[in-house]
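Novice: Structure file data.cif (mmCIF, C-alpha atoms) is given on the next line.
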data_target
#
loop_
_atom_site.label_atom_id
_atom_site.label_comp_id
_atom_site.auth_asym_id
_atom_site.auth_seq_id
_atom_site.Cartn_x
_atom_site.Cartn_y
_atom_site.Cartn_z
CA MET A 293 122.05 123.12 95.51
CA PRO A 294 125.66 123.07 96.77
CA LYS A 295 128.20 124.10 94.18
CA GLY A 296 130.87 121.54 93.32
CA ALA A 297 129.02 118.48 94.66
CA PRO A 298 129.41 115.41 92.44
CA VAL A 299 125.68 115.27 91.81
CA GLU A 300 125.64 118.93 90.75
CA LYS A 301 128.55 118.43 88.34
CA MET A 302 126.83 115.46 86.69
CA TYR A 303 123.52 117.37 86.53
CA GLU A 304 125.12 120.40 84.84
CA ALA A 305 126.98 118.18 82.34
CA MET A 306 123.78 116.43 81.31
CA LYS A 307 121.89 119.74 81.07
CA SER A 308 124.61 121.17 78.83
CA GLU A 309 124.22 118.17 76.51
CA GLY A 310 120.59 119.17 75.96
CA MET A 311 118.79 116.90 78.42
CA ASP A 312 115.76 118.40 80.16
CA LYS A 313 116.11 119.41 83.82
CA GLY A 314 113.85 116.76 85.34
CA LYS A 315 115.42 113.84 83.54
CA ALA A 316 118.96 115.09 84.23
CA ALA A 317 118.18 115.50 87.94
CA ARG A 318 116.64 112.04 88.18
CA ILE A 319 119.61 110.34 86.51
CA ALA A 320 122.26 112.32 88.44
CA GLN A 321 120.64 111.50 91.78
CA ALA A 322 120.26 107.82 90.90
CA LYS A 323 123.88 107.44 89.73
CA THR A 324 125.55 109.29 92.61
CA GLY A 325 123.14 108.36 95.42
CA LEU A 326 123.10 112.01 96.54
CA ALA A 327 120.22 114.49 96.68
CA LEU A 328 120.50 117.35 94.21
CA ALA A 329 119.20 119.90 96.73
CA THR A 330 121.62 119.09 99.58
CA GLY A 331 124.49 117.10 98.06
CA LYS A 332 124.06 114.50 100.82
CA PRO A 333 122.62 111.00 100.74
CA PRO A 334 118.90 110.89 101.56
CA LYS A 335 117.87 109.76 105.05
CA GLU A 336 116.69 106.21 105.51
CA LYS A 337 113.00 105.78 106.19
CA LYS A 338 112.11 104.45 109.62
CA LYS A 339 110.34 101.13 109.66
CA ALA A 340 106.86 101.13 111.13
CA PRO A 341 106.64 99.15 114.36
CA GLU A 342 104.79 95.87 114.16
CA PRO A 343 101.31 95.99 115.65
CA ILE A 344 100.85 94.28 119.02
CA LYS A 345 98.88 91.11 118.58
CA SER A 346 96.13 90.60 121.08
CA PHE A 347 95.96 87.27 122.88
CA MET A 348 92.19 87.61 123.00
CA THR A 349 90.81 85.85 119.96
CA ARG A 350 87.12 85.63 119.12
CA ARG A 351 86.99 82.09 120.36
CA ASN A 352 88.60 82.99 123.71
CA LYS A 353 86.23 85.92 124.16
CA LYS A 354 83.23 83.72 123.42
CA GLU A 355 84.29 81.11 125.95
CA GLY A 356 85.26 83.70 128.56
CA ARG A 357 88.92 82.65 128.67
CA MET A 358 91.74 85.04 129.33
#
Could you take the file, read its structure, and then write that structure out as structure tokens?
Specialist:
Amino acid sequence: MPKGAPVEKMYEAMKSEGMDKGKAARIAQAKTGLALATGKPPKEKKKAPEPIKSFMTRRNKKEGRM
């Protein structure tokens, strides 16, 4: 956890007010948009590529078309 990061400051303030660690971490990360462990925004997830649709349908296979 980097010292002095905005998320760390908010986390420590909430902990000092008596909030439990898990809840304070969850709220601090949600409000600042930064990860508590790194102090940076989390990486975006990559979208899965769309599957390639086959031109061979059951009907085409049955009839022997290509």
Novice: May I ask which of the residues A:Ala317, A:Leu326, A:Gly331, A:Met311 is the closest one to Met293 (chain A), counting only C-alpha atoms?
Specialist: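 Once distances to Met293 (chain A) are computed over only C-alpha atoms, the minimum belongs to A:Gly331.
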Novice: Considering all atoms listed in the file, state which residue in the set A:Ala320, A:Lys313, A:Lys335, A:Ala329 is at the smallest distance from Lys295 (chain A).
Specialist: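 The closest residue to Lys295 (chain A) is A:Ala329.
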Novice: How many Å lie between CA of Thr324 (chain A) and CA of Glu300 (chain A), rounded to one decimal?
Specialist: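 Calculated distance between CA of Thr324 (chain A) and CA of Glu300 (chain A) is 9.8 Å.
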Novice: In Å, with one decimal, what is the gap from CA of Arg318 (chain A) to CA of Thr330 (chain A)?
Specialist: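 The value is 14.3 Å.
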Novice: Take the PyMOL selection byres ((chain A and resi 302) around 9), apply it to the structure above, and return the hits as a list in words.
Specialist: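 Output from the PyMOL selection byres ((chain A and resi 302) around 9), applied to this file: Ala297, Pro298, Val299, Glu300, Lys301, Tyr303, Glu304, Ala305, Met306, Lys307, Ala316, Ala317, Ile319, Ala320, Gln321 and Thr324 of chain A.
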Novice: As an exercise, work out the distance from CA of Lys315 (chain A) to CA of Ala327 (chain A) in Å and give it to one decimal place.
Specialist: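 Distance between the two atoms: 14.0 Å.
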